[in-house]
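Asks: Contents of upload.txt (compact mmCIF, C-alpha atoms):
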# COMPACT_ATOMS: atom_id res chain seq x y z
CA MET K 1 0.00 0.00 0.00
CA SER K 2 1.13 3.58 -0.48
CA ALA K 3 1.81 4.49 3.14
CA PHE K 4 4.66 2.15 3.88
CA GLU K 5 7.90 0.83 2.50
CA SER K 6 7.36 -2.17 0.23
CA ALA K 7 7.60 -5.55 1.91
CA VAL K 8 10.89 -7.40 1.93
CA ASN K 9 11.71 -10.86 3.22
CA ASP K 10 10.50 -10.93 6.83
CA ARG K 11 13.38 -12.83 8.36
CA SER K 12 14.47 -12.51 11.98
CA VAL K 13 17.95 -11.63 13.14
CA VAL K 14 18.78 -11.74 16.85
CA GLY K 15 15.58 -11.68 18.90
CA SER K 16 11.96 -11.27 17.87
CA GLU K 17 9.27 -8.61 17.77
CA ASP K 18 7.91 -9.76 21.13
CA VAL K 19 11.03 -9.33 23.29
CA PRO K 20 13.57 -6.48 23.25
CA ILE K 21 16.76 -7.58 21.59
CA SER K 22 18.78 -6.40 24.60
CA GLU K 23 17.20 -9.18 26.70
CA TYR K 24 18.88 -11.93 24.71
CA PRO K 25 21.88 -13.09 26.77
CA ARG K 26 24.21 -14.32 24.03
CA PRO K 27 25.53 -12.54 20.93
CA PRO K 28 25.43 -14.13 17.47
CA ARG K 29 27.95 -16.95 17.06
CA ARG K 30 29.45 -15.45 13.92
CA GLU K 31 30.52 -11.93 13.12
CA PHE K 32 27.92 -10.06 11.07
CA LYS K 33 29.20 -9.86 7.49
CA ALA K 34 26.20 -8.76 5.44
CA ARG K 35 26.67 -6.75 2.26
CA GLY K 36 28.01 -3.33 3.17
CA SER K 37 29.40 -4.39 6.55
CA PHE K 38 32.96 -3.47 5.47
CA VAL K 39 32.02 0.05 4.37
CA THR K 40 33.46 2.88 6.47
CA ARG K 41 30.46 4.86 7.69
CA CYS K 42 30.10 8.30 9.22
CA GLU K 43 29.24 8.04 12.90
CA GLY K 44 26.89 11.00 12.58
CA CYS K 45 24.65 9.98 9.67
CA ASN K 46 25.58 6.29 9.17
CA LEU K 47 26.14 6.84 5.46
CA PRO K 48 29.40 5.86 3.77
CA VAL K 49 31.89 8.66 4.42
CA LEU K 50 32.32 9.01 0.65
CA ASN K 51 28.99 10.88 0.58
CA CYS K 52 28.40 11.99 4.16
CA LEU K 53 24.95 13.44 4.81
CA CYS K 54 25.91 15.62 7.80
CA PRO K 55 26.63 18.88 5.87
CA TYR K 56 23.04 18.88 4.64
CA LYS K 57 21.28 18.22 7.94
CA VAL K 58 18.89 21.17 8.38
CA LYS K 59 16.31 21.51 11.15
CA ALA K 60 12.74 22.57 10.40
CA GLU K 61 9.72 23.40 12.54
CA SER K 62 6.21 22.10 11.93
CA VAL K 63 2.88 22.42 13.70
CA ALA K 64 2.11 18.75 13.22
CA GLN K 65 4.35 16.14 14.79
CA VAL K 66 5.48 12.73 13.57
CA TRP K 67 5.66 9.81 15.97
CA LEU K 68 7.31 6.72 14.54
CA LEU K 69 6.26 3.35 15.89
CA THR K 70 9.23 1.39 14.62
CA HIS K 71 9.55 -2.37 14.28
CA PRO K 72 12.69 -3.51 16.16
CA LEU K 73 14.30 -4.94 13.04
CA GLU K 74 14.11 -1.57 11.27
CA HIS K 75 16.62 -0.04 13.68
CA PHE K 76 19.36 -2.22 12.15
CA LYS K 77 18.80 -1.14 8.56
CA PRO K 78 20.98 1.75 7.32
CA THR K 79 18.50 2.15 4.46
CA ASN K 80 15.66 2.96 6.89
CA THR K 81 14.31 6.42 6.10
CA GLY K 82 12.38 7.00 9.31
CA ARG K 83 15.49 8.44 10.93
CA LEU K 84 15.60 11.18 8.29
CA ILE K 85 12.37 12.60 9.73
CA GLY K 86 13.96 12.98 13.15
CA ASP K 87 17.02 14.61 11.62
CA VAL K 88 14.85 17.40 10.20
CA ILE K 89 11.64 17.74 12.23
CA THR K 90 12.67 18.69 15.75
CA THR K 91 9.57 17.31 17.52
CA THR K 92 9.77 13.81 16.01
CA GLN K 93 9.56 10.97 18.50
CA VAL K 94 10.54 7.35 17.92
CA PHE K 95 9.07 4.41 19.82
CA THR K 96 10.05 0.77 19.37
CA TRP K 97 7.14 -1.60 18.87
CA TYR K 98 6.85 -4.81 20.87
CA ARG K 99 3.64 -6.82 20.82
CA THR K 100 3.68 -7.76 24.50
CA ALA K 101 5.25 -4.57 25.88
CA PRO K 102 3.69 -1.32 24.62
CA ASP K 103 5.86 1.73 25.16
CA ALA K 104 4.83 3.44 28.40
CA GLN K 105 5.79 6.92 27.19
CA LEU K 106 3.74 6.52 24.03
CA ALA K 107 0.76 5.25 26.01
CA ALA K 108 0.95 8.33 28.23
CA LEU K 109 1.25 10.73 25.31
CA LEU K 110 -1.81 9.22 23.64
CA LYS K 111 -3.84 10.31 26.66
CA ASP K 112 -2.52 13.88 26.58
CA PRO K 113 -5.38 16.16 25.43
CA ARG K 114 -2.93 18.57 23.76
CA TYR K 115 -2.44 16.08 20.93
CA ALA K 116 -4.73 14.87 18.16
CA PRO K 117 -3.11 11.59 17.05
CA PHE K 118 -3.87 9.84 13.76
CA VAL K 119 -2.72 6.34 12.80
CA ILE K 120 -1.51 6.39 9.21
CA PHE K 121 -2.94 3.30 7.55
CA PRO K 122 -4.86 2.43 4.37
CA ASP K 123 -8.66 2.36 4.45
CA ASP K 124 -8.85 -1.01 2.69
CA GLN K 125 -10.68 -3.10 5.30
CA PRO K 126 -14.31 -2.69 6.45
CA ASP K 127 -13.81 -3.59 10.13
CA TYR K 128 -12.36 -0.16 11.00
CA ALA K 129 -14.19 1.94 8.41
CA ASP K 130 -15.90 3.92 11.20
CA ARG K 131 -12.48 5.21 12.31
CA VAL K 132 -11.31 6.49 8.90
CA VAL K 133 -10.95 10.26 8.54
CA GLY K 134 -9.64 12.64 5.90
CA ILE K 135 -6.91 15.27 5.92
CA GLU K 136 -9.52 17.94 6.73
CA THR K 137 -9.65 16.46 10.24
CA VAL K 138 -6.00 17.40 10.67
CA HIS K 139 -6.78 21.00 9.75
CA GLY K 140 -9.74 20.89 12.13
CA ALA K 141 -7.47 19.84 15.00
CA LYS K 142 -5.30 22.90 14.38
CA THR K 143 -8.31 25.23 14.59
CA GLN K 144 -9.05 23.68 17.99
CA ALA K 145 -5.51 24.51 19.16
CA ARG K 146 -4.56 20.84 19.28
CA ILE K 147 -1.33 19.44 17.86
CA PRO K 148 -1.91 16.95 15.02
CA VAL K 149 0.25 13.84 15.33
CA PHE K 150 0.95 11.45 12.48
CA ILE K 151 1.67 7.99 13.92
CA ILE K 152 3.57 6.15 11.19
CA LEU K 153 4.11 2.40 11.49
CA ASP K 154 7.74 2.12 10.45
CA GLY K 155 8.45 -1.30 8.98
CA THR K 156 7.79 -3.50 5.99
CA TRP K 157 4.19 -3.79 4.85
CA ARG K 158 3.85 -7.21 6.50
CA GLN K 159 5.24 -5.85 9.76
CA ALA K 160 3.05 -2.73 9.60
CA ARG K 161 -0.14 -4.78 9.23
CA ARG K 162 0.82 -6.84 12.25
CA MET K 163 1.63 -3.71 14.26
CA PHE K 164 -1.74 -2.20 13.37
CA ARG K 165 -3.66 -5.36 14.30
CA LYS K 166 -1.68 -6.26 17.43
CA SER K 167 -1.57 -2.86 19.18
CA PRO K 168 -4.76 -2.47 21.27
CA TYR K 169 -3.69 0.99 22.44
CA LEU K 170 -4.14 2.21 18.84
CA ASP K 171 -7.64 0.81 18.47
CA GLY K 172 -9.45 3.95 19.57
CA LEU K 173 -7.51 6.35 17.36
CA PRO K 174 -8.73 7.74 14.03
CA VAL K 175 -7.17 6.16 10.95
CA LEU K 176 -5.83 8.54 8.32
CA PRO K 177 -5.07 6.96 4.93
CA LEU K 178 -2.56 8.81 2.80
CA LYS K 179 -4.09 9.95 -0.49
CA THR K 180 -1.45 11.14 -2.93
CA GLU K 181 -0.46 11.02 -6.58
CA ARG K 182 3.20 10.92 -5.64
CA GLU K 183 5.27 8.01 -6.93
CA THR K 184 8.21 6.82 -4.91
CA ARG K 185 11.70 8.09 -5.69
CA TYR K 186 13.28 5.69 -3.19
CA ARG K 187 16.00 3.61 -4.85
CA LEU K 188 17.55 1.62 -2.00
CA ARG K 189 14.92 -1.10 -1.73
CA LYS K 190 12.87 -2.41 -4.61
CA PRO K 191 9.17 -1.55 -4.17
CA ALA K 192 6.35 -3.75 -5.41
CA SER K 193 4.77 -0.66 -6.96
CA LYS K 194 5.70 2.95 -7.68
CA THR K 195 2.83 3.95 -5.36
CA HIS K 196 4.55 2.29 -2.39
CA LEU K 197 6.20 5.19 -0.59
CA CYS K 198 8.98 4.86 1.95
CA THR K 199 8.52 6.18 5.49
CA ALA K 200 10.14 9.57 4.84
CA GLU K 201 8.05 10.11 1.72
CA VAL K 202 4.89 9.36 3.70
CA ALA K 203 5.84 12.00 6.27
CA ILE K 204 6.65 14.52 3.53
CA GLU K 205 3.23 14.14 1.94
CA LEU K 206 1.37 14.25 5.25
CA LEU K 207 3.16 17.41 6.36
CA ARG K 208 2.55 19.05 3.00
CA GLN K 209 -1.16 18.16 2.94
CA GLY K 210 -1.51 19.23 6.57
CA GLY K 211 -0.19 22.72 5.84
CA ASP K 212 3.42 22.41 7.02
CA THR K 213 4.76 23.00 3.54
CA ALA K 214 8.09 24.61 4.50
CA ALA K 215 9.03 21.68 6.73
CA ALA K 216 7.86 19.24 4.05
CA ASP K 217 10.09 20.92 1.46
CA VAL K 218 13.18 20.71 3.69
CA LEU K 219 12.50 17.05 4.48
CA ASP K 220 11.93 16.33 0.80
CA ASP K 221 15.30 17.84 -0.13
CA TYR K 222 17.02 15.96 2.71
CA PHE K 223 15.43 12.70 1.58
CA GLU K 224 16.59 13.34 -1.98
CA VAL K 225 20.15 13.96 -0.81
CA PHE K 226 20.07 10.77 1.28
CA ASN K 227 18.63 8.78 -1.61
CA ASP K 228 21.19 10.06 -4.13
CA SER K 229 24.14 9.84 -1.74
CA TYR K 230 23.47 6.29 -0.64
CA ALA K 231 22.86 5.09 -4.20
CA ALA K 232 26.06 6.74 -5.42
CA SER K 233 28.06 5.26 -2.55
CA ARG K 234 26.97 1.76 -3.51
CA LEU K 235 28.75 2.37 -6.80
CA HIS K 236 31.76 3.94 -5.00
CA HIS K 237 30.95 7.23 -6.72
CA LYS K 238 31.47 10.63 -5.11
CA ILE K 239 28.72 13.13 -5.94
CA ASP K 240 30.42 16.21 -7.34
CA PRO K 241 29.32 18.85 -8.06
CA PRO K 242 26.52 19.04 -5.45
CA THR K 243 22.97 18.42 -6.61
CA ALA K 244 20.26 21.09 -6.58
CA ALA K 245 18.83 19.68 -3.34
CA MET K 246 22.27 19.78 -1.73
CA ARG K 247 22.70 23.42 -2.72
CA ARG K 248 19.29 24.37 -1.33
CA LEU K 249 20.02 22.73 2.02
CA ALA K 250 23.55 24.13 2.22
CA ALA K 251 22.15 27.63 1.68
CA LYS K 252 19.80 27.44 4.70
Give the structure from the file, written as structure tokens.
Replies:
Amino acid sequence: MSAFESAVNDRSVVGSEDVPISEYPRPPRREFKARGSFVTRCEGCNLPVLNCLCPYKVKAESVAQVWLLTHPLEHFKPTNTGRLIGDVITTTQVFTWYRTAPDAQLAALLKDPRYAPFVIFPDDQPDYADRVVGIETVHGAKTQARIPVFIILDGTWRQARRMFRKSPYLDGLPVLPLKTERETRYRLRKPASKTHLCTAEVAIELLRQGGDTAAADVLDDYFEVFNDSYAASRLHHKIDPPTAAMRRLAAK
């Protein structure tokens, strides 16, 4: 569906989605040697130092907030784009999803009347049709002096469906499907369809449709720089001269 990164093979590494990885007492028996494990990466942005992202990291303010409910396996993927949102939007919060242990801080924030949270999920099933709202509800929350919050389920499509179905604390929240004509520009994982947007692209479109256009534009440029830089680094190519998006961010 359009609101999540396209599904990839759902294979476990150390641990599972039910128990925090830190609770496993023994490390893997063999050293991790996946593709890219020998690349020298920047400690700040985790990209190959050949095309470091740090010079283009620009902060932006938005009325709406993004809260990422991230599958534990996503934290290990350098190609995950959810972290780009936090690099740019200062109020972004990230919570790790575990089926049997909901995040206490997230649960408390969901009860805070200052916020108007929306779960970002497609409206393709009838059993929650009564919860589906449109983007006008986000604008309505602003007129009521409440802070709209986009809760994005950060994982593969298979993981996101499970997170949506297995998180009772989300059951009472309105569901906001992303409606957009945008096609993905993400090149680091192969999508099943051009309409399958990655996590950062979802946030960009939501912010733009919700009225935070300046923040959306900065995040869009930052995503483009990340996308181009990572792809070029896979080919051991240094981007020079800087792209248009790089120049716009560097000028801020």
Asks: Report, in Å to a single decimal, how far apart CA of Gln93 in chain K and CA of Thr81 in chain K are.
Replies: 14.0 Å
Asks: When you draw a straight line from CA of Leu50 in chain K to CA of Arg185 in chain K, how long is it in Å?
Replies: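 Between CA of Leu50 in chain K and CA of Arg185 in chain K the gap is 21.6 Å.
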Asks: Calculated over only C-alpha atoms, which of the candidates K:Ala244, K:Ile85, K:Val133, K:Ala250 has the smallest distance to Val202 in chain K?
Replies: K:Ile85
Asks: Identify, on the basis of all atoms listed in the file, every residue whose closest approach to range 229-239 of chain K does not exceed 8 Å; exclude the query and any residue fewer than 3 positions from it along the same chain; express the result as a PyMOL selection string.
Replies: chain K and resi 47-48+50-53+187-188+225-226+242-243
Asks: Please list as a PyMOL selection string every residue within 10 Å of His139 in chain K, counting all atoms listed in the file and excluding residues in the same chain fewer than 2 positions away.
Replies: chain K and resi 64+134-137+141-144+146-148+209-211
Asks: Start from the incomplete input, build N, CA, C and O atoms for range 46-68 of chain K, and deliver everything as a PDB file, in the coordinates of the input.
Replies:
ATOM      1  N   ASN K  46      25.566   7.710   9.503  1.00  0.00           N
ATOM      2  CA  ASN K  46      25.580   6.290   9.170  1.00  0.00           C
ATOM      3  C   ASN K  46      25.668   6.024   7.668  1.00  0.00           C
ATOM      4  O   ASN K  46      25.508   4.896   7.232  1.00  0.00           O
ATOM      5  N   LEU K  47      25.909   7.040   6.877  1.00  0.00           N
ATOM      6  CA  LEU K  47      26.140   6.840   5.460  1.00  0.00           C
ATOM      7  C   LEU K  47      27.635   6.610   5.220  1.00  0.00           C
ATOM      8  O   LEU K  47      28.463   7.003   6.044  1.00  0.00           O
ATOM      9  N   PRO K  48      27.979   5.967   4.112  1.00  0.00           N
ATOM     10  CA  PRO K  48      29.400   5.860   3.770  1.00  0.00           C
ATOM     11  C   PRO K  48      30.046   7.243   3.751  1.00  0.00           C
ATOM     12  O   PRO K  48      29.453   8.206   3.255  1.00  0.00           O
ATOM     13  N   VAL K  49      31.249   7.354   4.303  1.00  0.00           N
ATOM     14  CA  VAL K  49      31.890   8.660   4.420  1.00  0.00           C
ATOM     15  C   VAL K  49      32.140   9.298   3.053  1.00  0.00           C
ATOM     16  O   VAL K  49      32.319  10.512   2.960  1.00  0.00           O
ATOM     17  N   LEU K  50      32.135   8.485   1.997  1.00  0.00           N
ATOM     18  CA  LEU K  50      32.320   9.010   0.650  1.00  0.00           C
ATOM     19  C   LEU K  50      31.297  10.089   0.316  1.00  0.00           C
ATOM     20  O   LEU K  50      31.606  11.071  -0.354  1.00  0.00           O
ATOM     21  N   ASN K  51      30.059   9.903   0.815  1.00  0.00           N
ATOM     22  CA  ASN K  51      28.990  10.880   0.580  1.00  0.00           C
ATOM     23  C   ASN K  51      28.254  11.148   1.890  1.00  0.00           C
ATOM     24  O   ASN K  51      27.067  10.844   2.026  1.00  0.00           O
ATOM     25  N   CYS K  52      28.967  11.710   2.831  1.00  0.00           N
ATOM     26  CA  CYS K  52      28.400  11.990   4.160  1.00  0.00           C
ATOM     27  C   CYS K  52      27.211  12.937   4.048  1.00  0.00           C
ATOM     28  O   CYS K  52      27.227  13.914   3.292  1.00  0.00           O
ATOM     29  N   LEU K  53      26.184  12.658   4.844  1.00  0.00           N
ATOM     30  CA  LEU K  53      24.950  13.440   4.810  1.00  0.00           C
ATOM     31  C   LEU K  53      24.983  14.632   5.767  1.00  0.00           C
ATOM     32  O   LEU K  53      24.177  15.555   5.641  1.00  0.00           O
ATOM     33  N   CYS K  54      25.910  14.624   6.706  1.00  0.00           N
ATOM     34  CA  CYS K  54      25.910  15.620   7.800  1.00  0.00           C
ATOM     35  C   CYS K  54      25.918  17.082   7.329  1.00  0.00           C
ATOM     36  O   CYS K  54      25.249  17.915   7.946  1.00  0.00           O
ATOM     37  N   PRO K  55      26.635  17.462   6.272  1.00  0.00           N
ATOM     38  CA  PRO K  55      26.630  18.880   5.870  1.00  0.00           C
ATOM     39  C   PRO K  55      25.270  19.389   5.425  1.00  0.00           C
ATOM     40  O   PRO K  55      25.068  20.602   5.325  1.00  0.00           O
ATOM     41  N   TYR K  56      24.346  18.475   5.171  1.00  0.00           N
ATOM     42  CA  TYR K  56      23.040  18.880   4.640  1.00  0.00           C
ATOM     43  C   TYR K  56      21.910  18.683   5.653  1.00  0.00           C
ATOM     44  O   TYR K  56      20.744  18.774   5.300  1.00  0.00           O
ATOM     45  N   LYS K  57      22.280  18.433   6.895  1.00  0.00           N
ATOM     46  CA  LYS K  57      21.280  18.220   7.940  1.00  0.00           C
ATOM     47  C   LYS K  57      20.755  19.580   8.411  1.00  0.00           C
ATOM     48  O   LYS K  57      21.458  20.349   9.069  1.00  0.00           O
ATOM     49  N   VAL K  58      19.509  19.883   8.065  1.00  0.00           N
ATOM     50  CA  VAL K  58      18.890  21.170   8.380  1.00  0.00           C
ATOM     51  C   VAL K  58      17.633  20.924   9.212  1.00  0.00           C
ATOM     52  O   VAL K  58      16.808  20.080   8.851  1.00  0.00           O
ATOM     53  N   LYS K  59      17.483  21.646  10.304  1.00  0.00           N
ATOM     54  CA  LYS K  59      16.310  21.510  11.150  1.00  0.00           C
ATOM     55  C   LYS K  59      15.153  22.342  10.610  1.00  0.00           C
ATOM     56  O   LYS K  59      15.352  23.402  10.009  1.00  0.00           O
ATOM     57  N   ALA K  60      13.934  21.854  10.832  1.00  0.00           N
ATOM     58  CA  ALA K  60      12.740  22.570  10.400  1.00  0.00           C
ATOM     59  C   ALA K  60      11.647  22.406  11.457  1.00  0.00           C
ATOM     60  O   ALA K  60      11.574  21.377  12.130  1.00  0.00           O
ATOM     61  N   GLU K  61      10.820  23.429  11.581  1.00  0.00           N
ATOM     62  CA  GLU K  61       9.720  23.400  12.540  1.00  0.00           C
ATOM     63  C   GLU K  61       8.412  23.115  11.821  1.00  0.00           C
ATOM     64  O   GLU K  61       8.195  23.558  10.687  1.00  0.00           O
ATOM     65  N   SER K  62       7.536  22.375  12.481  1.00  0.00           N
ATOM     66  CA  SER K  62       6.210  22.100  11.930  1.00  0.00           C
ATOM     67  C   SER K  62       5.191  22.127  13.055  1.00  0.00           C
ATOM     68  O   SER K  62       5.526  21.854  14.223  1.00  0.00           O
ATOM     69  N   VAL K  63       3.956  22.467  12.703  1.00  0.00           N
ATOM     70  CA  VAL K  63       2.880  22.420  13.700  1.00  0.00           C
ATOM     71  C   VAL K  63       2.561  20.974  14.037  1.00  0.00           C
ATOM     72  O   VAL K  63       2.485  20.584  15.199  1.00  0.00           O
ATOM     73  N   ALA K  64       2.370  20.172  13.008  1.00  0.00           N
ATOM     74  CA  ALA K  64       2.110  18.750  13.220  1.00  0.00           C
ATOM     75  C   ALA K  64       3.386  18.031  13.640  1.00  0.00           C
ATOM     76  O   ALA K  64       4.496  18.467  13.321  1.00  0.00           O
ATOM     77  N   GLN K  65       3.214  16.949  14.366  1.00  0.00           N
ATOM     78  CA  GLN K  65       4.350  16.140  14.790  1.00  0.00           C
ATOM     79  C   GLN K  65       4.266  14.763  14.134  1.00  0.00           C
ATOM     80  O   GLN K  65       3.195  14.311  13.721  1.00  0.00           O
ATOM     81  N   VAL K  66       5.406  14.109  14.059  1.00  0.00           N
ATOM     82  CA  VAL K  66       5.480  12.730  13.570  1.00  0.00           C
ATOM     83  C   VAL K  66       5.991  11.851  14.697  1.00  0.00           C
ATOM     84  O   VAL K  66       7.037  12.131  15.282  1.00  0.00           O
ATOM     85  N   TRP K  67       5.227  10.819  15.007  1.00  0.00           N
ATOM     86  CA  TRP K  67       5.660   9.810  15.970  1.00  0.00           C
ATOM     87  C   TRP K  67       5.823   8.507  15.208  1.00  0.00           C
ATOM     88  O   TRP K  67       4.880   8.005  14.588  1.00  0.00           O
ATOM     89  N   LEU K  68       7.017   7.969  15.235  1.00  0.00           N
ATOM     90  CA  LEU K  68       7.310   6.720  14.540  1.00  0.00           C
ATOM     91  C   LEU K  68       7.181   5.550  15.503  1.00  0.00           C
ATOM     92  O   LEU K  68       7.824   5.531  16.556  1.00  0.00           O
TER      93      LEU K  68
END
